[in-house]
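Student: Structure file input27.tsv (TSV, C-alpha atoms) right here:
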```tsv
chain	number	residue	atom	x	y	z
A	19	MET	CA	-21.07	27.18	-1.75
A	20	PRO	CA	-23.12	26.38	-4.88
A	21	ALA	CA	-26.85	25.74	-4.54
A	22	TRP	CA	-26.64	22.02	-5.37
A	23	ALA	CA	-24.37	21.50	-2.34
A	24	GLN	CA	-27.23	22.58	-0.05
A	25	GLY	CA	-29.47	19.76	-1.16
A	26	THR	CA	-31.85	21.09	-3.75
A	27	HIS	CA	-31.18	18.95	-6.79
A	28	ARG	CA	-29.58	15.52	-6.88
A	29	GLY	CA	-28.92	15.70	-10.63
A	30	HIS	CA	-26.83	18.81	-10.14
A	31	ALA	CA	-24.79	17.06	-7.46
A	32	TYR	CA	-24.19	14.11	-9.81
A	33	ARG	CA	-23.03	16.41	-12.59
A	34	ALA	CA	-20.79	18.33	-10.20
A	35	GLY	CA	-19.16	15.01	-9.23
A	36	LEU	CA	-18.84	14.09	-12.88
A	37	ALA	CA	-16.71	17.21	-13.40
A	38	THR	CA	-13.93	15.28	-11.63
A	39	LEU	CA	-13.28	13.98	-15.14
A	40	PHE	CA	-11.52	17.24	-15.96
A	41	ARG	CA	-9.46	17.53	-12.79
A	42	THR	CA	-5.83	16.47	-12.33
A	43	PRO	CA	-6.50	13.14	-10.55
A	44	SER	CA	-8.49	11.82	-13.51
A	45	LEU	CA	-5.78	12.83	-15.92
A	46	ALA	CA	-3.13	11.07	-13.81
A	47	LEU	CA	-5.33	7.98	-13.69
A	48	PHE	CA	-5.75	8.17	-17.44
A	49	GLY	CA	-1.98	7.88	-17.91
A	50	SER	CA	-1.60	5.00	-15.51
A	51	ALA	CA	-4.59	3.12	-16.94
A	52	LEU	CA	-3.02	3.54	-20.38
A	53	GLY	CA	-0.05	1.68	-18.94
A	54	TYR	CA	-2.32	-0.98	-17.44
A	55	GLY	CA	-4.02	-1.62	-20.81
A	56	ALA	CA	-0.66	-2.06	-22.51
A	57	PHE	CA	0.57	-4.23	-19.64
A	58	ALA	CA	-2.43	-6.58	-19.83
A	59	GLN	CA	-2.12	-6.88	-23.62
A	60	ASN	CA	1.54	-7.76	-23.14
A	61	GLY	CA	0.55	-10.35	-20.53
A	62	GLY	CA	-1.58	-12.20	-23.07
A	63	PHE	CA	-5.07	-11.12	-21.97
A	64	ASP	CA	-7.77	-10.24	-24.49
A	65	LEU	CA	-9.57	-6.90	-24.35
A	66	ALA	CA	-12.71	-8.30	-22.67
A	67	GLN	CA	-10.65	-9.92	-19.89
A	68	THR	CA	-8.59	-6.74	-19.50
A	69	LEU	CA	-11.76	-4.65	-19.03
A	70	PHE	CA	-13.31	-7.29	-16.76
A	71	ILE	CA	-10.30	-7.02	-14.42
A	72	ALA	CA	-10.37	-3.21	-14.55
A	73	ILE	CA	-14.06	-3.08	-13.57
A	74	THR	CA	-14.12	-5.88	-11.00
A	75	VAL	CA	-10.87	-5.00	-9.22
A	76	PHE	CA	-10.95	-1.21	-9.75
A	77	ALA	CA	-7.66	-0.57	-7.95
A	78	LEU	CA	-4.57	-0.26	-10.10
A	79	PRO	CA	-2.05	-2.09	-7.86
A	80	GLY	CA	-4.42	-5.06	-7.57
A	81	GLN	CA	-5.07	-5.06	-11.33
A	82	ILE	CA	-1.37	-5.04	-12.20
A	83	VAL	CA	-0.48	-7.69	-9.62
A	84	LEU	CA	-3.35	-9.90	-10.83
A	85	VAL	CA	-2.35	-9.57	-14.49
A	86	ASP	CA	1.35	-10.04	-13.74
A	87	GLN	CA	1.06	-13.06	-11.48
A	88	TYR	CA	-1.63	-14.73	-13.61
A	89	ALA	CA	0.47	-14.32	-16.75
A	90	GLN	CA	3.37	-15.95	-14.92
A	91	GLY	CA	1.24	-18.93	-13.96
A	92	ALA	CA	1.32	-18.34	-10.21
A	93	SER	CA	-0.77	-20.76	-8.15
A	94	LEU	CA	-4.34	-19.79	-7.36
A	95	ALA	CA	-3.53	-19.31	-3.68
A	96	ALA	CA	-0.46	-17.16	-4.32
A	97	LEU	CA	-2.45	-15.14	-6.86
A	98	ALA	CA	-5.33	-14.43	-4.48
A	99	LEU	CA	-2.99	-13.72	-1.57
A	100	SER	CA	-0.82	-11.26	-3.53
A	101	VAL	CA	-3.85	-9.35	-4.80
A	102	THR	CA	-5.50	-9.30	-1.39
A	103	LEU	CA	-2.34	-7.95	0.26
A	104	THR	CA	-2.54	-4.92	-2.02
A	105	ALA	CA	-6.24	-4.50	-1.19
A	106	ILE	CA	-6.44	-4.78	2.62
A	107	ARG	CA	-5.43	-1.14	2.74
A	108	LEU	CA	-8.84	-0.33	1.27
A	109	LEU	CA	-10.51	-1.45	4.52
A	110	PRO	CA	-9.49	1.50	6.72
A	111	MET	CA	-10.22	3.85	3.81
A	112	SER	CA	-13.70	2.34	3.58
A	113	VAL	CA	-14.24	2.70	7.34
A	114	VAL	CA	-13.48	6.41	7.12
A	115	LEU	CA	-15.55	7.14	4.00
A	116	THR	CA	-18.63	4.96	4.73
A	117	PRO	CA	-20.39	7.33	7.19
A	118	TYR	CA	-20.75	9.92	4.39
A	119	LEU	CA	-22.50	7.40	2.14
A	120	CYS	CA	-24.99	5.86	4.54
A	121	GLY	CA	-28.67	6.67	4.88
A	122	PRO	CA	-30.22	7.53	8.25
A	123	LYS	CA	-30.60	3.78	8.96
A	124	GLY	CA	-27.05	2.83	8.10
A	125	PRO	CA	-25.59	1.33	4.92
A	126	THR	CA	-27.92	0.40	2.05
A	127	TRP	CA	-27.25	-1.56	-1.15
A	128	ARG	CA	-26.25	1.76	-2.68
A	129	THR	CA	-23.50	2.11	-0.07
A	130	PHE	CA	-22.09	-1.29	-1.01
A	131	ALA	CA	-22.39	-0.61	-4.73
A	132	ALA	CA	-20.61	2.73	-4.39
A	133	MET	CA	-17.92	1.27	-2.15
A	134	HIS	CA	-16.92	-1.27	-4.76
A	135	PHE	CA	-15.46	1.72	-6.62
A	136	LEU	CA	-13.40	2.83	-3.66
A	137	ALA	CA	-9.80	3.36	-4.75
A	138	ILE	CA	-7.14	5.91	-3.91
A	139	THR	CA	-8.48	8.61	-6.23
A	140	SER	CA	-12.17	8.21	-5.35
A	141	TRP	CA	-11.26	8.18	-1.66
A	142	VAL	CA	-9.23	11.37	-1.88
A	143	GLU	CA	-11.97	13.12	-3.86
A	144	GLY	CA	-14.68	11.80	-1.52
A	145	MET	CA	-12.90	12.83	1.66
A	146	ARG	CA	-12.23	16.23	0.19
A	147	TRP	CA	-15.76	17.12	-0.89
A	148	LEU	CA	-18.37	14.94	0.83
A	149	PRO	CA	-18.07	16.49	4.32
A	150	ARG	CA	-18.95	19.90	2.81
A	151	LEU	CA	-22.16	18.70	1.16
A	152	ALA	CA	-25.66	18.34	2.57
A	153	PRO	CA	-26.21	14.62	3.38
A	154	PRO	CA	-28.76	13.94	0.57
A	155	MET	CA	-26.29	15.32	-1.98
A	156	ARG	CA	-23.38	13.10	-0.96
A	157	MET	CA	-24.34	9.85	-2.68
A	158	PRO	CA	-25.21	11.48	-6.04
A	159	TYR	CA	-22.01	13.53	-5.89
A	160	PHE	CA	-19.92	10.44	-5.15
A	161	ALA	CA	-21.72	8.54	-7.93
A	162	GLY	CA	-20.63	11.33	-10.27
A	163	VAL	CA	-17.04	11.08	-9.04
A	164	ILE	CA	-16.83	7.32	-9.59
A	165	SER	CA	-18.56	7.59	-12.97
A	166	ALA	CA	-15.91	10.09	-14.02
A	167	ILE	CA	-13.08	7.92	-12.74
A	168	ALA	CA	-14.49	4.76	-14.35
A	169	THR	CA	-14.93	6.56	-17.67
A	170	SER	CA	-11.36	7.80	-17.57
A	171	VAL	CA	-9.90	4.45	-16.50
A	172	LEU	CA	-11.86	2.28	-18.92
A	173	SER	CA	-11.30	4.46	-21.97
A	174	ALA	CA	-7.58	4.71	-21.20
A	175	THR	CA	-7.42	0.95	-20.68
A	176	ILE	CA	-8.93	0.34	-24.12
A	177	ILE	CA	-6.60	2.86	-25.75
A	178	GLY	CA	-3.52	1.44	-23.99
A	179	PHE	CA	-4.49	-2.11	-24.93
A	180	LEU	CA	-5.02	-1.24	-28.61
A	181	LEU	CA	-1.89	0.90	-28.82
A	182	ALA	CA	0.36	-1.80	-27.33
A	183	ASP	CA	-0.66	-4.07	-30.18
A	184	THR	CA	-0.22	-1.61	-33.03
A	185	VAL	CA	2.46	0.99	-32.29
A	186	PRO	CA	6.17	0.46	-33.12
A	187	THR	CA	8.28	-1.32	-30.50
A	188	PRO	CA	9.86	1.80	-28.92
A	189	VAL	CA	6.42	3.30	-28.20
A	190	ALA	CA	5.17	-0.01	-26.82
A	191	ALA	CA	8.26	-0.19	-24.58
A	192	ALA	CA	7.58	3.34	-23.30
A	193	LEU	CA	3.94	2.41	-22.56
A	194	LEU	CA	5.07	-0.67	-20.63
A	195	PHE	CA	7.43	1.48	-18.58
A	196	VAL	CA	4.58	3.71	-17.38
A	197	THR	CA	3.48	1.09	-14.82
A	198	PRO	CA	6.75	0.69	-12.87
A	199	ILE	CA	7.64	4.39	-12.84
A	200	TYR	CA	4.09	5.46	-11.96
A	201	PHE	CA	3.92	3.01	-9.06
A	202	LEU	CA	7.35	3.92	-7.77
A	203	LEU	CA	6.52	7.64	-7.75
A	204	ALA	CA	3.11	6.98	-6.19
A	205	LEU	CA	4.85	5.07	-3.39
A	206	LEU	CA	7.40	7.87	-2.94
A	207	GLN	CA	4.67	10.54	-2.84
A	208	PRO	CA	3.83	10.39	0.89
A	209	ALA	CA	7.01	8.56	1.87
A	210	LEU	CA	7.98	8.64	5.54
A	211	LYS	CA	11.04	6.81	6.85
A	212	ALA	CA	9.20	3.52	7.29
A	213	ASP	CA	7.76	3.76	3.75
A	214	LEU	CA	11.26	4.26	2.36
A	215	VAL	CA	12.45	1.16	4.22
A	216	ALA	CA	9.49	-0.83	2.81
A	217	ILE	CA	10.26	0.42	-0.71
A	218	GLY	CA	13.99	-0.34	-0.37
A	219	VAL	CA	13.70	-3.81	1.14
A	220	GLY	CA	10.73	-4.85	-1.02
A	221	GLY	CA	12.48	-3.48	-4.09
A	222	VAL	CA	15.60	-5.55	-3.44
A	223	ILE	CA	13.73	-8.75	-2.55
A	224	GLY	CA	11.37	-8.64	-5.57
A	225	PRO	CA	13.88	-9.50	-8.33
A	226	LEU	CA	16.04	-11.71	-6.08
A	227	ALA	CA	13.11	-13.84	-4.93
A	228	PHE	CA	11.90	-14.00	-8.54
A	229	MET	CA	15.09	-15.86	-9.48
A	230	VAL	CA	14.59	-18.41	-6.70
A	231	VAL	CA	10.81	-18.79	-6.26
A	232	PRO	CA	8.99	-17.14	-9.19
A	233	GLY	CA	5.30	-16.72	-8.40
A	234	PHE	CA	6.01	-15.98	-4.75
A	235	GLU	CA	8.36	-13.04	-5.15
A	236	LEU	CA	5.71	-10.41	-4.48
A	237	LEU	CA	4.45	-12.14	-1.35
A	238	LEU	CA	8.00	-12.41	-0.01
A	239	ALA	CA	8.87	-8.82	-0.93
A	240	GLY	CA	5.66	-7.59	0.73
A	241	LEU	CA	5.75	-9.63	3.91
A	242	ILE	CA	9.49	-9.29	4.61
A	243	GLY	CA	9.83	-5.67	3.47
A	244	GLY	CA	6.60	-4.62	5.17
A	245	THR	CA	7.45	-6.32	8.46
A	246	ILE	CA	10.96	-4.86	8.62
A	247	ALA	CA	9.54	-1.42	7.82
A	248	PHE	CA	6.91	-1.92	10.51
A	249	GLY	CA	9.73	-2.50	13.02
A	250	VAL	CA	11.19	0.87	12.02
A	251	HIS	CA	7.73	2.45	12.22
A	252	SER	CA	7.07	1.06	15.72
A	253	ARG	CA	10.44	2.16	17.02
A	254	SER	CA	10.06	5.74	15.78
A	255	LYS	CA	6.49	5.84	17.11
A	256	ALA	CA	7.66	4.59	20.52
A	257	ARG	CA	10.22	7.38	20.59
A	258	HIS	CA	7.48	9.95	19.92
A	259	LEU	CA	5.18	8.56	22.58
A	260	GLN	CA	7.54	8.18	25.50
A	261	ARG	CA	5.23	9.57	28.07
A	262	PRO	CA	2.75	7.80	30.35
A	263	GLY	CA	-0.75	7.26	29.00
A	264	ALA	CA	0.21	8.08	25.45
A	265	ASP	CA	0.01	4.50	24.21
A	266	ARG	CA	-3.11	3.99	22.13
A	267	SER	CA	-2.22	0.76	20.41
A	268	GLY	CA	-4.55	-2.25	20.26
B	18	MET	CA	-3.94	-22.40	-15.17
B	19	SER	CA	-6.05	-25.52	-15.63
B	20	ALA	CA	-9.78	-25.69	-15.14
B	21	LEU	CA	-10.96	-27.67	-12.15
B	22	LEU	CA	-14.31	-28.51	-13.72
B	23	SER	CA	-15.44	-28.84	-17.29
B	24	LEU	CA	-16.72	-25.37	-18.08
B	25	PRO	CA	-17.47	-23.59	-21.34
B	26	PRO	CA	-14.13	-22.59	-22.87
B	27	GLY	CA	-12.78	-19.38	-21.40
B	28	LEU	CA	-15.16	-19.27	-18.47
B	29	ASP	CA	-12.58	-20.77	-16.09
B	30	VAL	CA	-10.37	-17.75	-16.71
B	31	TYR	CA	-13.17	-15.38	-15.70
B	32	ILE	CA	-13.94	-17.40	-12.59
B	33	THR	CA	-10.29	-17.34	-11.55
B	34	LEU	CA	-10.08	-13.60	-12.25
B	35	ALA	CA	-13.29	-12.95	-10.31
B	36	LEU	CA	-12.11	-14.93	-7.27
B	37	CYS	CA	-8.54	-13.64	-7.21
B	38	GLY	CA	-9.53	-10.14	-8.35
B	39	PHE	CA	-13.04	-9.04	-7.39
B	40	VAL	CA	-13.44	-11.15	-4.24
B	41	ALA	CA	-9.85	-10.61	-3.04
B	42	THR	CA	-10.29	-6.84	-3.43
B	43	THR	CA	-13.88	-5.80	-2.78
B	44	ALA	CA	-14.26	-8.06	0.28
B	45	TRP	CA	-12.07	-5.51	2.11
B	46	ARG	CA	-14.08	-2.54	0.86
B	47	TRP	CA	-17.33	-4.13	2.08
B	48	ALA	CA	-15.77	-5.29	5.33
B	49	GLY	CA	-15.05	-1.63	5.99
B	50	VAL	CA	-18.73	-0.75	5.44
B	51	LEU	CA	-19.84	-3.51	7.82
B	52	LEU	CA	-17.24	-3.02	10.54
B	53	GLY	CA	-17.57	0.74	10.64
B	54	ARG	CA	-16.06	2.48	13.60
B	55	SER	CA	-15.46	-0.70	15.58
B	56	LEU	CA	-11.84	-0.70	14.47
B	57	ASP	CA	-9.10	1.89	14.48
B	58	PRO	CA	-7.97	2.89	10.98
B	59	GLU	CA	-4.90	4.53	12.51
B	60	GLY	CA	-3.87	1.46	14.50
B	61	ASP	CA	-0.77	-0.74	14.29
B	62	LEU	CA	-2.47	-3.48	12.26
B	63	PHE	CA	-3.22	-1.14	9.39
B	64	ALA	CA	0.18	0.49	9.59
B	65	TRP	CA	1.66	-2.98	9.01
B	66	VAL	CA	-0.81	-3.75	6.20
B	67	ARG	CA	0.01	-0.50	4.44
B	68	LEU	CA	3.76	-1.16	4.66
B	69	VAL	CA	3.34	-4.75	3.37
B	70	SER	CA	1.38	-3.40	0.42
B	71	THR	CA	4.04	-0.74	-0.21
B	72	ALA	CA	6.86	-3.31	-0.12
B	73	LEU	CA	4.92	-5.70	-2.37
B	74	VAL	CA	4.33	-3.04	-5.02
B	75	ALA	CA	7.99	-1.92	-4.74
B	76	GLY	CA	9.05	-5.53	-5.34
B	77	LEU	CA	6.85	-5.58	-8.43
B	78	VAL	CA	8.39	-2.31	-9.70
B	79	THR	CA	11.97	-3.52	-9.47
B	80	ARG	CA	11.10	-6.95	-10.88
B	81	LEU	CA	9.41	-5.32	-13.88
B	82	VAL	CA	12.50	-3.19	-14.44
B	83	VAL	CA	15.06	-5.99	-13.93
B	84	PHE	CA	13.08	-8.75	-15.69
B	85	PRO	CA	10.82	-7.01	-18.23
B	86	SER	CA	8.72	-8.78	-20.82
B	87	GLY	CA	7.54	-7.93	-24.32
B	88	ALA	CA	8.65	-4.72	-26.01
B	89	LEU	CA	10.35	-3.43	-22.86
B	90	SER	CA	12.88	-6.28	-22.97
B	91	GLU	CA	14.22	-4.71	-26.19
B	92	VAL	CA	15.63	-1.87	-24.07
B	93	ALA	CA	18.99	-2.65	-22.41
B	94	PHE	CA	19.12	-3.04	-18.61
B	95	SER	CA	21.22	0.13	-18.33
B	96	GLY	CA	18.56	2.06	-20.25
B	97	ARG	CA	15.79	0.90	-17.95
B	98	VAL	CA	17.77	1.81	-14.83
B	99	VAL	CA	18.72	5.23	-16.22
B	100	ALA	CA	15.07	5.95	-17.11
B	101	LEU	CA	13.93	4.98	-13.61
B	102	VAL	CA	16.62	7.05	-11.86
B	103	VAL	CA	15.98	10.13	-14.04
B	104	GLY	CA	12.22	9.84	-13.44
B	105	VAL	CA	12.70	9.72	-9.67
B	106	ALA	CA	15.25	12.57	-9.71
B	107	LEU	CA	12.95	14.81	-11.75
B	108	PHE	CA	10.01	13.92	-9.49
B	109	TYR	CA	11.94	15.18	-6.45
B	110	ALA	CA	13.49	18.16	-8.28
B	111	LEU	CA	10.01	19.41	-9.24
B	112	ARG	CA	8.46	19.09	-5.77
B	113	ARG	CA	7.16	15.54	-6.16
B	114	ASN	CA	5.62	16.12	-9.56
B	115	MET	CA	4.48	12.66	-10.71
B	116	ALA	CA	3.52	13.63	-14.25
B	117	ALA	CA	6.98	15.07	-14.95
B	118	GLY	CA	8.69	11.94	-13.66
B	119	VAL	CA	6.47	9.52	-15.59
B	120	VAL	CA	6.69	11.47	-18.86
B	121	ALA	CA	10.49	11.85	-18.58
B	122	SER	CA	11.00	8.13	-17.88
B	123	ALA	CA	8.73	6.99	-20.69
B	124	THR	CA	10.37	9.43	-23.12
B	125	LEU	CA	13.83	8.14	-22.23
B	126	ILE	CA	12.71	4.55	-22.82
B	127	LEU	CA	11.22	5.59	-26.14
B	128	ALA	CA	14.44	7.36	-27.18
B	129	TRP	CA	16.63	4.50	-25.98
B	130	ALA	CA	14.61	1.89	-27.86
B	131	ALA	CA	14.48	4.01	-31.00
B	132	LEU	CA	18.14	5.03	-31.07
B	133	ALA	CA	19.99	2.01	-29.71
B	134	PRO	CA	21.45	-0.25	-32.42
```
Write the structure described by the file as structure tokens, please.
Tutor:
Amino acid sequence: MPAWAQGTHRGHAYRAGLATLFRTPSLALFGSALGYGAFAQNGGFDLAQTLFIAITVFALPGQIVLVDQYAQGASLAALALSVTLTAIRLLPMSVVLTPYLCGPKGPTWRTFAAMHFLAITSWVEGMRWLPRLAPPMRMPYFAGVISAIATSVLSATIIGFLLADTVPTPVAAALLFVTPIYFLLALLQPALKADLVAIGVGGVIGPLAFMVVPGFELLLAGLIGGTIAFGVHSRSKARHLQRPGADRSG
Amino acid sequence: MSALLSLPPGLDVYITLALCGFVATTAWRWAGVLLGRSLDPEGDLFAWVRLVSTALVAGLVTRLVVFPSGALSEVAFSGRVVALVVGVALFYALRRNMAAGVVASATLILAWAALAP
């Protein structure tokens, strides 16, 4: 283990976290944020608004849903609800990561500031490295990780936005296709049976509901697809836990 | 979306984006900090939440492919479906390699848009 991990120099820990910039997750994020920039430009947002969304939301599914539903003129309530349904999943991730970023007296303002930047990539990187570090080194390391991720995401967003406006149509079309294919593959990455059901049902309902009730299609796809998939999930879990005392629900 | 109050031009957009974006997202991150271990991240509630989020994003994916906007609508429906299917197939063929799938799909769209009459 390197010396900075033992708690000698906070600046070293920050720089070690910053090196995330050159690891695979940052590169993957770069590609998807390129798609987001192009997508927001296509949705009629200006560059400042596009960056504002990227910084304040800082979770790609929420960003894309916000841009998409806003551009379609969805109602304020439907807009907020759709975005929030993509973001509730951050809560359990936050619960798990928070203990590594608290001082001896519990969470500080730094904990809250750092947690705003919680997203899939920062969570994976945090869970992977923070437990191995001396407690005083964890916050600076995580600050380095989120600085790296923000740098990657924001620069790619700017590039994607500017490209979408200037490149020939076929290139712009390819950039706009990055978002759907990236999301689909990200969903398929961990896919268990219940996830596949959610993807299948949600995927069918999305376009169908769009024809009938545009502006609510994502809510319907999510709630119906997710609930049906949850039925599958519960049934397969019940089958695994058919022994007394094994139920830990609630 | 219309402004509810008379605000400097453009500011209503930022307020809407902040409410429906920042608040709708980061409230959950901070709730996690505050609630801590008093809830079970592996429980049924979060399993349902995760599946709803998965289905919602899947619905967005297919809607973007079936009803695209902008430059992507220049590519025929068949081209978009082929690109999606090839991307997924390559992803699985190469042990769930996301980069390969994304690059293949985007390249097919590029080729289709460039070569189609």
Student: Counting only C-alpha atoms, which residues of chain B come no farther than 6 Å from chain A, as a ChimeraX atom specification?
Tutor: /B:37-39,41-43,45-46,49-50,53,58,65,67-70,72-73,75-76,78-80,88-89,119,123,126-127,130-131
Student: Given the selection you just returned, output its residues as a file containing C-alpha atoms, formatted as a PDB file, in the frame of the given file.
Tutor:
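To be explicit, this is the file written out as again-v2.pdb:
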```
ATOM      1  CA  CYS B  37      -8.540 -13.640  -7.210  1.00  0.00           C
ATOM      2  CA  GLY B  38      -9.530 -10.140  -8.350  1.00  0.00           C
ATOM      3  CA  PHE B  39     -13.040  -9.040  -7.390  1.00  0.00           C
ATOM      4  CA  ALA B  41      -9.850 -10.610  -3.040  1.00  0.00           C
ATOM      5  CA  THR B  42     -10.290  -6.840  -3.430  1.00  0.00           C
ATOM      6  CA  THR B  43     -13.880  -5.800  -2.780  1.00  0.00           C
ATOM      7  CA  TRP B  45     -12.070  -5.510   2.110  1.00  0.00           C
ATOM      8  CA  ARG B  46     -14.080  -2.540   0.860  1.00  0.00           C
ATOM      9  CA  GLY B  49     -15.050  -1.630   5.990  1.00  0.00           C
ATOM     10  CA  VAL B  50     -18.730  -0.750   5.440  1.00  0.00           C
ATOM     11  CA  GLY B  53     -17.570   0.740  10.640  1.00  0.00           C
ATOM     12  CA  PRO B  58      -7.970   2.890  10.980  1.00  0.00           C
ATOM     13  CA  TRP B  65       1.660  -2.980   9.010  1.00  0.00           C
ATOM     14  CA  ARG B  67       0.010  -0.500   4.440  1.00  0.00           C
ATOM     15  CA  LEU B  68       3.760  -1.160   4.660  1.00  0.00           C
ATOM     16  CA  VAL B  69       3.340  -4.750   3.370  1.00  0.00           C
ATOM     17  CA  SER B  70       1.380  -3.400   0.420  1.00  0.00           C
ATOM     18  CA  ALA B  72       6.860  -3.310  -0.120  1.00  0.00           C
ATOM     19  CA  LEU B  73       4.920  -5.700  -2.370  1.00  0.00           C
ATOM     20  CA  ALA B  75       7.990  -1.920  -4.740  1.00  0.00           C
ATOM     21  CA  GLY B  76       9.050  -5.530  -5.340  1.00  0.00           C
ATOM     22  CA  VAL B  78       8.390  -2.310  -9.700  1.00  0.00           C
ATOM     23  CA  THR B  79      11.970  -3.520  -9.470  1.00  0.00           C
ATOM     24  CA  ARG B  80      11.100  -6.950 -10.880  1.00  0.00           C
ATOM     25  CA  ALA B  88       8.650  -4.720 -26.010  1.00  0.00           C
ATOM     26  CA  LEU B  89      10.350  -3.430 -22.860  1.00  0.00           C
ATOM     27  CA  VAL B 119       6.470   9.520 -15.590  1.00  0.00           C
ATOM     28  CA  ALA B 123       8.730   6.990 -20.690  1.00  0.00           C
ATOM     29  CA  ILE B 126      12.710   4.550 -22.820  1.00  0.00           C
ATOM     30  CA  LEU B 127      11.220   5.590 -26.140  1.00  0.00           C
ATOM     31  CA  ALA B 130      14.610   1.890 -27.860  1.00  0.00           C
ATOM     32  CA  ALA B 131      14.480   4.010 -31.000  1.00  0.00           C
TER      33      ALA B 131
END
```
Student: Measure the distance from atom CA of B:Pro85 to atom CA of B:Leu125 in Å and round it to one decimal.
Tutor: 16.0 Å
Student: Would you mind reading off the distance between atom CA of A:Ala51 and atom CA of A:Ala174, one decimal, in Å?
Tutor: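 Rounded to one decimal, the two atoms are 5.4 Å apart.
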Student: What separation in Å, quoted to one decimal, exists between atom CA of A:Trp141 and atom CA of B:Leu62?
Tutor: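 Those two atoms sit 20.2 Å apart.
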Student: Using all atoms of stretch 113-126 of chain B that appear in the file, construct an axis-aligned enclosing box with 6 Å of padding on every side and provide its centre coordinates and edge lengths in Å, rounded to one decimal, as lines of an AutoDock Vina configuration file.
Tutor:
```
center_x = 8.7
center_y = 10.3
center_z = -14.6
size_x = 22.3
size_y = 23.6
size_z = 29.0
```
Student: Kindly write N, CA and C atoms of stretch 84-96 of chain B from the structure just given to a file, as a PDB file, in the first residue's frame.
Tutor:
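The resulting selection39.pdb:
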```pdb
ATOM      1  N   PHE B  84     -38.993   6.843 -31.820  1.00  0.00           N
ATOM      2  CA  PHE B  84     -39.372   8.223 -32.153  1.00  0.00           C
ATOM      3  C   PHE B  84     -38.196   9.165 -31.923  1.00  0.00           C
ATOM      4  N   PRO B  85     -37.183   9.134 -32.794  1.00  0.00           N
ATOM      5  CA  PRO B  85     -36.009   9.984 -32.576  1.00  0.00           C
ATOM      6  C   PRO B  85     -36.314  11.416 -32.983  1.00  0.00           C
ATOM      7  N   SER B  86     -35.412  12.327 -32.595  1.00  0.00           N
ATOM      8  CA  SER B  86     -35.565  13.709 -33.039  1.00  0.00           C
ATOM      9  C   SER B  86     -34.240  14.170 -33.625  1.00  0.00           C
ATOM     10  N   GLY B  87     -34.274  15.291 -34.321  1.00  0.00           N
ATOM     11  CA  GLY B  87     -33.056  15.874 -34.878  1.00  0.00           C
ATOM     12  C   GLY B  87     -32.398  14.986 -35.914  1.00  0.00           C
ATOM     13  N   ALA B  88     -31.063  15.003 -35.923  1.00  0.00           N
ATOM     14  CA  ALA B  88     -30.305  14.310 -36.969  1.00  0.00           C
ATOM     15  C   ALA B  88     -30.611  12.812 -37.009  1.00  0.00           C
ATOM     16  N   LEU B  89     -30.924  12.234 -35.853  1.00  0.00           N
ATOM     17  CA  LEU B  89     -31.168  10.790 -35.806  1.00  0.00           C
ATOM     18  C   LEU B  89     -32.421  10.396 -36.597  1.00  0.00           C
ATOM     19  N   SER B  90     -33.366  11.332 -36.745  1.00  0.00           N
ATOM     20  CA  SER B  90     -34.580  10.985 -37.495  1.00  0.00           C
ATOM     21  C   SER B  90     -34.307  10.872 -38.997  1.00  0.00           C
ATOM     22  N   GLU B  91     -33.085  11.254 -39.424  1.00  0.00           N
ATOM     23  CA  GLU B  91     -32.706  11.082 -40.830  1.00  0.00           C
ATOM     24  C   GLU B  91     -32.370   9.624 -41.140  1.00  0.00           C
ATOM     25  N   VAL B  92     -32.124   8.840 -40.086  1.00  0.00           N
ATOM     26  CA  VAL B  92     -31.809   7.419 -40.285  1.00  0.00           C
ATOM     27  C   VAL B  92     -33.108   6.626 -40.227  1.00  0.00           C
ATOM     28  N   ALA B  93     -33.305   5.712 -41.200  1.00  0.00           N
ATOM     29  CA  ALA B  93     -34.548   4.944 -41.271  1.00  0.00           C
ATOM     30  C   ALA B  93     -34.744   4.100 -40.010  1.00  0.00           C
ATOM     31  N   PHE B  94     -35.987   3.788 -39.696  1.00  0.00           N
ATOM     32  CA  PHE B  94     -36.327   2.966 -38.536  1.00  0.00           C
ATOM     33  C   PHE B  94     -35.545   1.657 -38.550  1.00  0.00           C
ATOM     34  N   SER B  95     -35.503   1.005 -39.737  1.00  0.00           N
ATOM     35  CA  SER B  95     -34.786  -0.272 -39.819  1.00  0.00           C
ATOM     36  C   SER B  95     -33.317  -0.102 -39.443  1.00  0.00           C
ATOM     37  N   GLY B  96     -32.709   1.006 -39.842  1.00  0.00           N
ATOM     38  CA  GLY B  96     -31.316   1.273 -39.524  1.00  0.00           C
ATOM     39  C   GLY B  96     -31.087   1.421 -38.032  1.00  0.00           C
TER      40      GLY B  96
END
```
